[in-house]
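J.: This is model04.cif (mmCIF, C-alpha atoms).
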```
data_input
loop_
_atom_site.label_atom_id
_atom_site.label_comp_id
_atom_site.auth_asym_id
_atom_site.auth_seq_id
_atom_site.Cartn_x
_atom_site.Cartn_y
_atom_site.Cartn_z
CA MET A 4 -45.62 306.11 -148.87
CA CYS A 5 -43.77 306.59 -145.64
CA THR A 6 -40.61 304.67 -146.28
CA VAL A 7 -39.03 305.25 -142.91
CA CYS A 8 -41.55 304.28 -140.30
CA GLY A 9 -43.45 301.81 -142.45
CA CYS A 10 -46.90 303.36 -142.54
CA GLY A 11 -47.61 301.80 -145.92
CA GLU A 12 -48.65 304.01 -148.80
CA GLY A 13 -49.36 306.88 -146.45
CA GLU A 14 -52.94 305.75 -146.23
CA THR A 15 -53.05 304.55 -142.69
CA GLN A 16 -55.37 306.64 -140.61
CA ILE A 17 -55.70 306.45 -136.91
CA ASP A 18 -58.65 308.19 -135.26
CA GLY A 19 -57.48 311.38 -133.61
CA HIS A 20 -53.88 310.88 -134.63
CA GLU A 21 -52.23 313.44 -136.86
CA HIS A 22 -49.92 311.66 -139.18
CA SER A 23 -49.34 313.63 -142.31
CA HIS A 24 -47.53 312.03 -145.18
CA GLU A 25 -46.72 314.48 -147.87
CA ARG A 26 -45.54 312.55 -150.83
CA ASP A 27 -43.44 314.93 -152.79
CA HIS A 28 -41.77 316.94 -150.14
CA GLY A 29 -39.62 316.51 -147.14
CA HIS A 30 -41.93 314.46 -144.96
CA SER A 31 -42.73 316.23 -141.74
CA HIS A 32 -43.29 313.45 -139.33
CA GLU A 33 -43.21 313.69 -135.61
CA HIS A 34 -40.89 310.89 -134.75
CA GLY A 35 -37.61 312.60 -135.30
CA HIS A 36 -36.25 311.35 -138.57
CA HIS A 37 -35.12 313.89 -141.10
CA HIS A 38 -34.02 313.53 -144.60
CA HIS A 39 -31.76 316.52 -144.96
CA HIS A 40 -32.72 317.18 -148.53
CA ASP A 41 -30.64 320.33 -148.71
CA GLU A 42 -27.46 318.90 -147.40
CA HIS A 43 -25.80 315.95 -149.02
CA SER A 44 -26.64 312.41 -150.12
CA HIS A 45 -30.04 310.70 -150.56
CA ASP A 46 -31.27 312.21 -153.81
CA TYR A 47 -34.77 310.72 -153.40
CA GLY A 48 -37.04 311.62 -156.26
CA HIS A 49 -34.31 312.97 -158.47
CA GLY A 50 -33.67 309.79 -160.40
CA PRO A 51 -30.43 307.87 -160.52
CA ALA A 52 -28.38 310.79 -161.79
CA HIS A 53 -25.61 311.04 -159.19
CA ALA A 54 -22.96 311.45 -161.82
CA HIS A 55 -19.91 309.40 -161.10
CA ALA A 56 -17.03 309.63 -163.54
CA PRO A 57 -16.84 306.55 -165.77
CA GLY A 58 -14.39 303.95 -164.57
CA MET A 59 -14.52 305.39 -161.10
CA SER A 60 -17.19 303.09 -159.74
CA GLN A 61 -17.05 302.89 -155.99
CA SER A 62 -19.12 299.73 -155.67
CA ARG A 63 -18.55 297.73 -152.56
CA MET A 64 -20.25 294.90 -150.74
CA VAL A 65 -22.00 295.30 -147.40
CA GLN A 66 -23.02 292.34 -145.26
CA ILE A 67 -26.07 293.06 -143.19
CA GLU A 68 -27.92 289.84 -142.34
CA GLN A 69 -31.03 291.48 -140.99
CA ASP A 70 -34.45 289.92 -140.77
CA ILE A 71 -36.91 291.69 -143.02
CA LEU A 72 -39.45 291.83 -140.20
CA ASN A 73 -36.88 293.11 -137.74
CA LYS A 74 -38.30 296.63 -137.65
CA ASN A 75 -41.83 295.44 -136.95
CA ASN A 76 -40.53 293.15 -134.25
CA GLN A 77 -38.87 296.11 -132.54
CA TYR A 78 -42.12 298.09 -132.50
CA ALA A 79 -43.93 295.00 -131.21
CA ALA A 80 -41.38 294.57 -128.44
CA ALA A 81 -41.90 298.18 -127.36
CA ASN A 82 -45.68 297.61 -127.24
CA ARG A 83 -45.15 294.42 -125.25
CA ARG A 84 -43.02 296.27 -122.69
CA ARG A 85 -45.74 298.86 -122.31
CA PHE A 86 -48.40 296.19 -121.83
CA SER A 87 -46.42 294.41 -119.17
CA GLU A 88 -45.61 297.66 -117.37
CA TYR A 89 -49.31 298.53 -117.15
CA GLY A 90 -50.53 294.98 -116.54
CA ILE A 91 -52.56 295.09 -119.74
CA LEU A 92 -53.67 291.89 -121.40
CA ALA A 93 -53.51 292.51 -125.16
CA LEU A 94 -55.22 290.04 -127.46
CA ASN A 95 -54.89 290.05 -131.24
CA LEU A 96 -58.14 288.79 -132.78
CA VAL A 97 -57.67 287.36 -136.25
CA SER A 98 -60.08 285.78 -138.71
CA SER A 99 -61.53 285.94 -142.21
CA PRO A 100 -63.96 288.77 -142.90
CA GLY A 101 -67.43 287.86 -141.70
CA SER A 102 -66.52 285.29 -139.04
CA GLY A 103 -68.24 287.36 -136.36
CA LYS A 104 -65.26 289.01 -134.64
CA THR A 105 -67.07 292.25 -133.94
CA THR A 106 -70.22 290.48 -132.76
CA ILE A 107 -68.19 288.33 -130.36
CA LEU A 108 -66.52 291.50 -129.13
CA THR A 109 -69.68 293.53 -128.57
CA ARG A 110 -71.33 290.63 -126.77
CA SER A 111 -68.26 290.03 -124.61
CA ILE A 112 -68.05 293.71 -123.76
CA ASP A 113 -71.73 293.90 -122.81
CA ASP A 114 -71.31 290.88 -120.55
CA LEU A 115 -67.99 291.88 -118.97
CA LYS A 116 -67.79 295.67 -118.90
CA ASP A 117 -69.10 295.98 -115.34
CA GLU A 118 -66.49 293.55 -114.10
CA LEU A 119 -63.38 294.31 -116.18
CA LYS A 120 -61.71 297.37 -117.70
CA LEU A 121 -61.81 296.99 -121.47
CA ALA A 122 -60.56 298.86 -124.55
CA VAL A 123 -60.59 298.07 -128.24
CA ILE A 124 -58.43 298.85 -131.27
CA GLU A 125 -60.28 298.17 -134.52
CA GLY A 126 -58.39 297.50 -137.73
CA ASP A 127 -60.13 297.73 -141.09
CA GLN A 128 -59.14 298.92 -144.51
CA GLN A 129 -61.83 301.57 -144.46
CA THR A 130 -64.72 303.03 -142.42
CA ALA A 131 -65.02 303.59 -138.69
CA ASN A 132 -68.17 301.43 -138.50
CA ASP A 133 -66.71 298.81 -136.21
CA ALA A 134 -65.25 301.28 -133.73
CA GLU A 135 -68.65 302.98 -133.63
CA ARG A 136 -70.33 299.64 -132.91
CA ILE A 137 -67.92 299.15 -130.03
CA ARG A 138 -68.34 302.70 -128.70
CA GLU A 139 -72.09 302.12 -128.53
CA THR A 140 -71.31 299.61 -125.77
CA GLY A 141 -69.72 302.46 -123.80
CA VAL A 142 -66.17 301.11 -124.06
CA LYS A 143 -63.20 303.11 -125.41
CA ALA A 144 -62.46 302.18 -129.02
CA LEU A 145 -60.09 303.48 -131.64
CA GLN A 146 -60.29 302.78 -135.36
CA ILE A 147 -57.20 302.26 -137.48
CA ASN A 148 -57.82 302.34 -141.22
CA THR A 149 -55.00 300.62 -143.02
CA GLY A 150 -55.93 301.95 -146.48
CA LYS A 151 -54.54 299.38 -148.89
CA GLY A 152 -52.73 297.58 -146.08
CA CYS A 153 -53.85 294.03 -145.41
CA HIS A 154 -52.86 293.82 -141.73
CA LEU A 155 -52.09 295.87 -138.64
CA ASP A 156 -48.45 296.20 -137.70
CA GLY A 157 -46.54 296.96 -134.53
CA HIS A 158 -45.99 300.58 -135.49
CA MET A 159 -49.68 301.39 -136.11
CA VAL A 160 -50.61 299.81 -132.80
CA GLY A 161 -47.91 301.79 -131.03
CA HIS A 162 -49.44 305.04 -132.27
CA ALA A 163 -52.94 303.84 -131.44
CA LEU A 164 -51.83 303.21 -127.85
CA GLU A 165 -50.66 306.81 -127.52
CA THR A 166 -54.12 308.03 -128.44
CA LEU A 167 -56.25 305.36 -126.80
CA GLN A 168 -54.28 305.21 -123.53
CA PRO A 169 -55.73 301.93 -122.26
CA GLU A 170 -56.05 301.83 -118.49
CA LYS A 171 -53.83 299.94 -116.10
CA ASP A 172 -54.88 296.32 -115.54
CA SER A 173 -57.27 296.36 -118.48
CA ILE A 174 -57.93 294.00 -121.34
CA LEU A 175 -57.14 295.42 -124.78
CA PHE A 176 -58.77 293.67 -127.72
CA ILE A 177 -57.04 294.38 -131.01
CA GLU A 178 -59.34 293.38 -133.85
CA ASN A 179 -57.09 292.83 -136.82
CA VAL A 180 -58.05 293.30 -140.47
CA GLY A 181 -60.18 290.36 -141.65
CA ASN A 182 -57.51 288.27 -143.35
CA LEU A 183 -56.17 284.83 -142.50
CA VAL A 184 -52.84 285.32 -144.22
CA CYS A 185 -50.82 288.46 -143.55
CA PRO A 186 -51.63 289.22 -139.89
CA ALA A 187 -49.95 285.92 -138.94
CA ALA A 188 -46.51 287.35 -139.69
CA PHE A 189 -46.85 290.71 -137.96
CA ASP A 190 -46.38 290.66 -134.21
CA LEU A 191 -48.23 293.53 -132.50
CA GLY A 192 -46.87 292.85 -129.02
CA GLU A 193 -49.95 290.90 -127.96
CA ALA A 194 -49.98 288.18 -125.33
CA HIS A 195 -52.04 285.84 -127.51
CA LYS A 196 -53.51 285.61 -130.96
CA VAL A 197 -57.09 284.42 -130.88
CA ALA A 198 -58.30 282.96 -134.18
CA ILE A 199 -62.01 283.07 -134.87
CA LEU A 200 -63.47 280.63 -137.35
CA SER A 201 -67.17 280.38 -138.03
CA VAL A 202 -68.96 277.19 -138.96
CA THR A 203 -70.32 278.82 -142.10
CA GLU A 204 -66.76 278.64 -143.47
CA GLY A 205 -64.94 275.49 -144.57
CA GLU A 206 -63.81 273.13 -141.82
CA ASP A 207 -60.45 272.79 -143.57
CA LYS A 208 -59.47 276.43 -143.11
CA PRO A 209 -56.88 275.56 -140.44
CA ILE A 210 -54.91 273.54 -142.99
CA LYS A 211 -55.59 275.96 -145.84
CA TYR A 212 -54.22 278.88 -143.81
CA PRO A 213 -51.87 277.01 -141.47
CA ASP A 214 -49.68 279.95 -140.48
CA MET A 215 -52.51 281.71 -138.73
CA PHE A 216 -53.75 278.69 -136.79
CA HIS A 217 -50.18 277.82 -135.93
CA ALA A 218 -49.64 281.30 -134.50
CA ALA A 219 -52.89 281.34 -132.48
CA ASP A 220 -53.18 280.06 -128.91
CA LEU A 221 -56.95 279.87 -128.90
CA MET A 222 -59.51 279.17 -131.59
CA LEU A 223 -63.08 280.28 -131.12
CA LEU A 224 -65.39 278.25 -133.32
CA ASN A 225 -68.24 280.71 -133.76
CA LYS A 226 -71.87 280.55 -134.94
CA ILE A 227 -72.42 277.03 -133.58
CA ASP A 228 -76.14 277.85 -133.27
CA LEU A 229 -76.21 277.36 -137.07
CA LEU A 230 -74.72 273.82 -137.00
CA PRO A 231 -78.10 272.06 -137.49
CA TYR A 232 -78.45 273.78 -140.85
CA LEU A 233 -74.94 273.16 -142.14
CA GLN A 234 -72.68 270.33 -143.11
CA PHE A 235 -69.74 271.29 -140.97
CA ASP A 236 -67.69 268.57 -139.31
CA VAL A 237 -66.64 270.07 -135.96
CA GLU A 238 -64.40 267.15 -135.00
CA LYS A 239 -62.61 267.25 -138.33
CA CYS A 240 -62.07 271.00 -138.01
CA ILE A 241 -60.55 270.63 -134.55
CA GLU A 242 -58.36 267.79 -135.77
CA TYR A 243 -57.07 270.00 -138.60
CA ALA A 244 -56.35 272.84 -136.18
CA ARG A 245 -54.40 270.48 -133.89
CA ARG A 246 -52.49 269.14 -136.85
CA VAL A 247 -50.94 272.56 -137.50
CA ASN A 248 -50.82 273.47 -133.81
CA PRO A 249 -50.95 270.62 -131.29
CA LYS A 250 -51.23 273.12 -128.41
CA ILE A 251 -54.17 275.17 -129.70
CA LYS A 252 -57.17 275.44 -127.37
CA VAL A 253 -60.58 275.31 -128.97
CA MET A 254 -63.87 276.67 -127.70
CA GLN A 255 -67.23 276.38 -129.43
CA VAL A 256 -69.31 279.50 -129.09
CA SER A 257 -72.23 281.42 -130.48
CA ALA A 258 -72.10 285.16 -129.99
CA ILE A 259 -75.79 285.32 -130.92
CA SER A 260 -77.28 282.60 -128.67
CA GLY A 261 -74.58 283.02 -126.01
CA GLU A 262 -73.77 279.31 -125.98
CA GLY A 263 -70.19 278.60 -124.91
CA MET A 264 -69.45 282.25 -124.20
CA ASP A 265 -68.92 281.52 -120.48
CA ASP A 266 -65.94 279.32 -121.33
CA TRP A 267 -64.42 282.17 -123.30
CA TYR A 268 -65.01 284.55 -120.39
CA ARG A 269 -63.36 282.12 -117.98
CA TRP A 270 -60.35 281.92 -120.26
CA LEU A 271 -60.26 285.74 -120.46
CA ARG A 272 -60.37 286.18 -116.69
CA ALA A 273 -57.67 283.58 -116.07
CA THR A 274 -55.41 284.97 -118.79
CA TRP A 275 -55.98 288.53 -117.55
CA GLN A 276 -54.96 287.52 -114.02
CA LEU A 277 -51.70 286.16 -115.43
CA ALA A 278 -51.10 289.40 -117.35
CA MET A 279 -51.56 291.44 -114.18
CA MET A 280 -48.97 289.27 -112.48
CA GLY A 281 -46.67 289.96 -115.42
CA VAL A 282 -46.62 286.30 -116.48
CA MET B 3 -48.64 287.08 -148.89
CA HIS B 4 -47.76 290.68 -148.07
CA GLU B 5 -44.90 291.28 -150.42
CA MET B 6 -45.60 295.01 -150.59
CA SER B 7 -45.07 295.46 -146.85
CA LEU B 8 -42.05 293.19 -146.88
CA ASN B 9 -40.44 295.35 -149.54
CA GLU B 10 -41.23 298.46 -147.52
CA SER B 11 -39.38 296.86 -144.61
CA VAL B 12 -36.49 296.04 -146.93
CA LEU B 13 -36.35 299.68 -148.00
CA GLN B 14 -36.32 300.84 -144.38
CA ILE B 15 -33.40 298.55 -143.62
CA LEU B 16 -31.55 299.86 -146.69
CA GLN B 17 -32.11 303.45 -145.59
CA ASP B 18 -31.01 302.76 -142.02
CA ASN B 19 -27.87 301.07 -143.29
CA ALA B 20 -27.18 303.87 -145.78
CA LYS B 21 -26.82 306.18 -142.81
CA SER B 22 -24.92 303.86 -140.51
CA LYS B 23 -22.62 302.35 -143.14
CA GLY B 24 -22.26 305.44 -145.31
CA PHE B 25 -23.48 304.64 -148.81
CA GLU B 26 -25.73 306.52 -151.17
CA ARG B 27 -26.94 304.03 -153.72
CA VAL B 28 -27.84 300.36 -153.65
CA LYS B 29 -27.09 298.41 -156.82
CA THR B 30 -27.88 294.84 -155.79
CA VAL B 31 -29.79 293.31 -152.89
CA TRP B 32 -29.37 289.66 -151.90
CA LEU B 33 -32.34 288.28 -150.03
CA GLU B 34 -32.43 284.87 -148.43
CA ILE B 35 -35.97 283.56 -148.65
CA GLY B 36 -36.79 280.17 -147.19
CA GLU B 37 -39.20 277.92 -149.07
CA LEU B 38 -41.40 277.78 -145.96
CA SER B 39 -41.57 281.54 -145.46
CA GLY B 40 -44.77 281.89 -147.48
CA VAL B 41 -43.23 284.53 -149.71
CA GLU B 42 -44.25 284.48 -153.36
CA ILE B 43 -41.03 285.12 -155.26
CA GLU B 44 -42.62 286.59 -158.37
CA ALA B 45 -44.73 288.97 -156.29
CA MET B 46 -41.62 289.87 -154.29
CA ARG B 47 -39.77 290.83 -157.48
CA PHE B 48 -42.68 292.81 -158.83
CA CYS B 49 -43.20 294.75 -155.60
CA PHE B 50 -39.47 295.29 -155.18
CA ASP B 51 -39.28 297.31 -158.40
CA VAL B 52 -42.36 299.33 -157.47
CA ILE B 53 -41.26 300.14 -153.92
CA MET B 54 -37.63 300.92 -154.78
CA LYS B 55 -38.56 303.39 -157.55
CA ASP B 56 -37.24 306.90 -156.85
CA THR B 57 -35.35 305.77 -153.77
CA LEU B 58 -31.70 305.02 -153.09
CA ALA B 59 -32.32 301.57 -154.57
CA ASP B 60 -34.01 302.70 -157.78
CA GLN B 61 -33.35 300.07 -160.48
CA ALA B 62 -31.39 297.91 -158.07
CA LYS B 63 -31.07 294.23 -158.93
CA LEU B 64 -32.79 291.74 -156.67
CA GLU B 65 -31.01 288.42 -156.17
CA ILE B 66 -32.93 285.76 -154.30
CA ILE B 67 -31.27 282.90 -152.50
CA ARG B 68 -33.76 280.08 -151.89
CA VAL B 69 -33.30 277.94 -148.81
CA PRO B 70 -35.02 274.53 -148.76
CA GLY B 71 -37.42 273.63 -145.95
CA GLN B 72 -36.05 271.46 -143.17
CA ALA B 73 -37.67 269.90 -140.16
CA TRP B 74 -36.89 267.58 -137.28
CA CYS B 75 -39.14 264.53 -137.12
CA MET B 76 -39.58 263.40 -133.53
CA GLN B 77 -40.67 259.90 -134.51
CA CYS B 78 -37.71 259.27 -136.82
CA ALA B 79 -35.37 261.41 -134.67
CA THR B 80 -33.81 262.79 -137.80
CA THR B 81 -33.83 265.87 -140.03
CA VAL B 82 -36.13 265.61 -143.03
CA LYS B 83 -36.91 267.81 -146.02
CA VAL B 84 -40.38 269.38 -146.10
CA LYS B 85 -42.03 271.28 -148.92
CA GLN B 86 -44.68 273.11 -146.90
CA LEU B 87 -45.15 274.21 -143.33
CA PHE B 88 -46.96 271.60 -141.27
CA ASP B 89 -46.40 268.82 -143.81
CA ALA B 90 -46.20 265.32 -142.43
CA CYS B 91 -42.80 263.64 -142.22
CA PRO B 92 -42.07 262.28 -145.73
CA ASP B 93 -40.67 259.07 -144.22
CA CYS B 94 -43.06 258.05 -141.45
CA GLY B 95 -46.13 260.25 -142.05
CA SER B 96 -46.12 261.70 -138.53
CA TYR B 97 -47.17 265.31 -137.94
CA GLN B 98 -44.81 265.57 -134.98
CA VAL B 99 -42.32 267.60 -136.98
CA GLN B 100 -40.66 270.80 -135.98
CA VAL B 101 -39.46 273.20 -138.66
CA THR B 102 -35.73 273.84 -138.23
CA GLY B 103 -34.86 275.78 -141.37
CA GLY B 104 -36.20 277.37 -144.52
CA ASP B 105 -38.63 279.77 -142.87
CA GLN B 106 -36.32 282.78 -142.93
CA MET B 107 -36.65 286.11 -144.73
CA GLN B 108 -33.38 287.94 -144.45
CA ILE B 109 -31.35 290.57 -146.22
CA LYS B 110 -27.91 289.01 -146.56
CA GLU B 111 -25.76 291.37 -148.51
CA LEU B 112 -25.79 294.55 -150.57
CA GLU B 113 -23.76 295.94 -153.39
CA VAL B 114 -23.60 299.66 -152.76
CA GLU B 115 -21.78 302.78 -153.77
#
```
For the file at hand, write its structure as structure tokens.
T.:
Amino acid sequence: MCTVCGCGEGETQIDGHEHSHERDHGHSHEHGHHHHHDEHSHDYGHGPAHAHAPGMSQSRMVQIEQDILNKNNQYAAANRRRFSEYGILALNLVSSPGSGKTTILTRSIDDLKDELKLAVIEGDQQTANDAERIRETGVKALQINTGKGCHLDGHMVGHALETLQPEKDSILFIENVGNLVCPAAFDLGEAHKVAILSVTEGEDKPIKYPDMFHAADLMLLNKIDLLPYLQFDVEKCIEYARRVNPKIKVMQVSAISGEGMDDWYRWLRATWQLAMMGV
Amino acid sequence: MHEMSLNESVLQILQDNAKSKGFERVKTVWLEIGELSGVEIEAMRFCFDVIMKDTLADQAKLEIIRVPGQAWCMQCATTVKVKQLFDACPDCGSYQVQVTGGDQMQIKELEVE
């Protein structure tokens, strides 16, 4: 586990990014933090020995008052600065596994790639399958495997940006790990979170996983071509989403039939224009 | 939710502070965890012991300060207690409530040597 830069269990792998985490020795890591094992202090891995003479305890209290997510928020802020400098619109796509995120993405890319500059970061626990699906569309894609991690964080995305180098004035889709819980808390520096919910799931997901729908600015209700075969109450679902987030925008789409996709593209173009203006 | 990652962040903060404030071991950590933060306390304790093993906070004690959820109800124009995020106002049933407290996750204080 990389305990300094938060890479989580040392299992995170980013395509084309050398990031070696050696567990039982010094930790050679390119971002300039050193543990000085030979010098003084920090006896990591040597147990609590540190013999202090009895009765000579030097215990003292230290006030720190720091947010636990502070570190992630700093990485996210750095990413956000980079996005605004390059006029990049970064979108964090979040959903349960199987809601159709990757299908929405490949369809959107096919329909928009002649008109807009696009790039994709794919987050999954394992396999590079999704990045390969995206690359087949001809668009730049980078896979991050989080290993046991249940979400992408600001630090992983920062490294991915170094490798992927998204173009100026482009749209960067960041497809998060399929999980409606943890990604809500981890800012990546994106302009908007887009939650994708498919009608084959329960309509009450917005109130079952309120944090995510509260954090999202747009909800894409996907697979609406299947509605005739399901008992899914669209109105109820939208009402639940608004209950946890009165400002959330909702679009009904089908990435397979193409229904509603034009609305999503219009939203993308308008939001992208704002990003280029630095708004 | 993601108590493993949260504890990794806690450890990072401890290590940063060890350098800047000059201590070598952490004996007790006080965390302030709001009731609306979505953190599972038992999972937090379990992961804390796992993550802190063989670090400067090996066998450190974890003290958790719970902070109750608070929100402002726009209809009642008053502060009310809420048990979950996005609950309706307990008095008037309106969903026009804004959380004002109890969603924090913070390291407050350390006992170090």
J.: Got a sec to resolve the PyMOL selection byres ((chain B) within 6 of (chain A)) on this structure and send the residues as a VMD selection string?
T.: chain B and resid 3 to 4 11 to 12 14 56 to 57 88 107 to 115
J.: Grab the residues selected above and save them as a CSV table (one decimal), in the coordinates of the input with C-alpha atoms.
T.:
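Written out: result.csv:
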```
chain,number,residue,atom,x,y,z
B,3,MET,CA,-48.6,287.1,-148.9
B,4,HIS,CA,-47.8,290.7,-148.1
B,11,SER,CA,-39.4,296.9,-144.6
B,12,VAL,CA,-36.5,296.0,-146.9
B,14,GLN,CA,-36.3,300.8,-144.4
B,56,ASP,CA,-37.2,306.9,-156.8
B,57,THR,CA,-35.4,305.8,-153.8
B,88,PHE,CA,-47.0,271.6,-141.3
B,107,MET,CA,-36.6,286.1,-144.7
B,108,GLN,CA,-33.4,287.9,-144.4
B,109,ILE,CA,-31.4,290.6,-146.2
B,110,LYS,CA,-27.9,289.0,-146.6
B,111,GLU,CA,-25.8,291.4,-148.5
B,112,LEU,CA,-25.8,294.6,-150.6
B,113,GLU,CA,-23.8,295.9,-153.4
B,114,VAL,CA,-23.6,299.7,-152.8
B,115,GLU,CA,-21.8,302.8,-153.8
```
J.: Which centre and which edge lengths, in Å to one decimal, describe the axis-aligned box that holds all listed atoms of region 78-96 of chain A after 4 Å is added on each side, as AutoDock Vina command-line options?
T.:
```
--center_x -49.8 --center_y 293.8 --center_z -124.7 --size_x 24.8 --size_y 18.1 --size_z 24.2
```
J.: Using only C-alpha atoms, which residue out of B:Gln106, B:Thr30, B:Asn9, B:Asn19 lies closest to Gln61 (chain B)?
T.: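 Selected residue with least distance to Gln61 (chain B): B:Thr30.
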J.: Just to confirm, what's the straight-line distance from CA of Tyr243 (chain A) to CA of Lys208 (chain A) in Å (one decimal)?
T.: 8.2 Å
J.: What residues come out when you apply the PyMOL selection byres ((chain A and resi 254) around 7) to this file, written as a PDB file with C-alpha atoms, in the frame of the given file?
T.:
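Listing of out-v1.pdb after writing:
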```pdb
ATOM      1  CA  MET A 222     -59.510 279.170-131.590  1.00  0.00           C
ATOM      2  CA  LEU A 223     -63.080 280.280-131.120  1.00  0.00           C
ATOM      3  CA  LEU A 224     -65.390 278.250-133.320  1.00  0.00           C
ATOM      4  CA  LYS A 252     -57.170 275.440-127.370  1.00  0.00           C
ATOM      5  CA  VAL A 253     -60.580 275.310-128.970  1.00  0.00           C
ATOM      6  CA  GLN A 255     -67.230 276.380-129.430  1.00  0.00           C
ATOM      7  CA  VAL A 256     -69.310 279.500-129.090  1.00  0.00           C
TER       8      VAL A 256
END
```
J.: Which residues are close to Arg110 (chain A), i.e. within 9 Å by only C-alpha atoms, leaving aside same-chain residues fewer than 3 positions away? Reply as a ChimeraX atom specification.
T.: /A:105-107,113-115,258-259,261,264
J.: So what do you get for CA of Gly71 (chain B) versus CA of Thr102 (chain B), distance-wise?
T.: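 Straight-line distance from CA of Gly71 (chain B) to CA of Thr102 (chain B) works out to 7.9 Å.
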J.: Could you tell me how far CA of Asp127 (chain A) lies from CA of Ser102 (chain A), in Å and to one decimal?
T.: 14.1 Å
J.: Using only C-alpha atoms, which protein or nucleic acid residues come within 7 Å of Val202 (chain A)? Drop anything in the same chain fewer than 6 positions from it, and give the result as a list of chain:residue names.
T.: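 My list of contacting residues is A:Leu224, A:Asn225, A:Lys226, A:Ile227, A:Leu230, A:Phe235.
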J.: Show me, as a PDB file with C-alpha atoms, keeping the file's coordinate frame, the residues that have an atom within 10 Å of Lys63 (chain B) when counting all atoms listed in the file, minus same-chain residues fewer than 5 positions from it.
T.:
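As written to disk, out.pdb reads:
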```pdb
ATOM      1  CA  VAL B  28     -27.840 300.360-153.650  1.00  0.00           C
ATOM      2  CA  LYS B  29     -27.090 298.410-156.820  1.00  0.00           C
ATOM      3  CA  THR B  30     -27.880 294.840-155.790  1.00  0.00           C
ATOM      4  CA  VAL B  31     -29.790 293.310-152.890  1.00  0.00           C
ATOM      5  CA  TRP B  32     -29.370 289.660-151.900  1.00  0.00           C
ATOM      6  CA  ARG B  47     -39.770 290.830-157.480  1.00  0.00           C
ATOM      7  CA  PHE B  50     -39.470 295.290-155.180  1.00  0.00           C
ATOM      8  CA  ASP B  51     -39.280 297.310-158.400  1.00  0.00           C
ATOM      9  CA  LEU B 112     -25.790 294.550-150.570  1.00  0.00           C
ATOM     10  CA  GLU B 113     -23.760 295.940-153.390  1.00  0.00           C
TER      11      GLU B 113
END
```
J.: For the structure provided, state which residues fall under the PyMOL selection byres ((chain A and resi 198) around 7), and present them as an MDAnalysis selection string.
T.: chainID A and resid 96:98 196:197 199:200 216 219 221:223
J.: Which one is closest to Val160 (chain A): A:Ile174, A:Ile112, A:Ile241, A:Val123? Count all atoms listed in the file.
T.: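 Using all atoms listed in the file, Val160 (chain A) sits closest to A:Val123.
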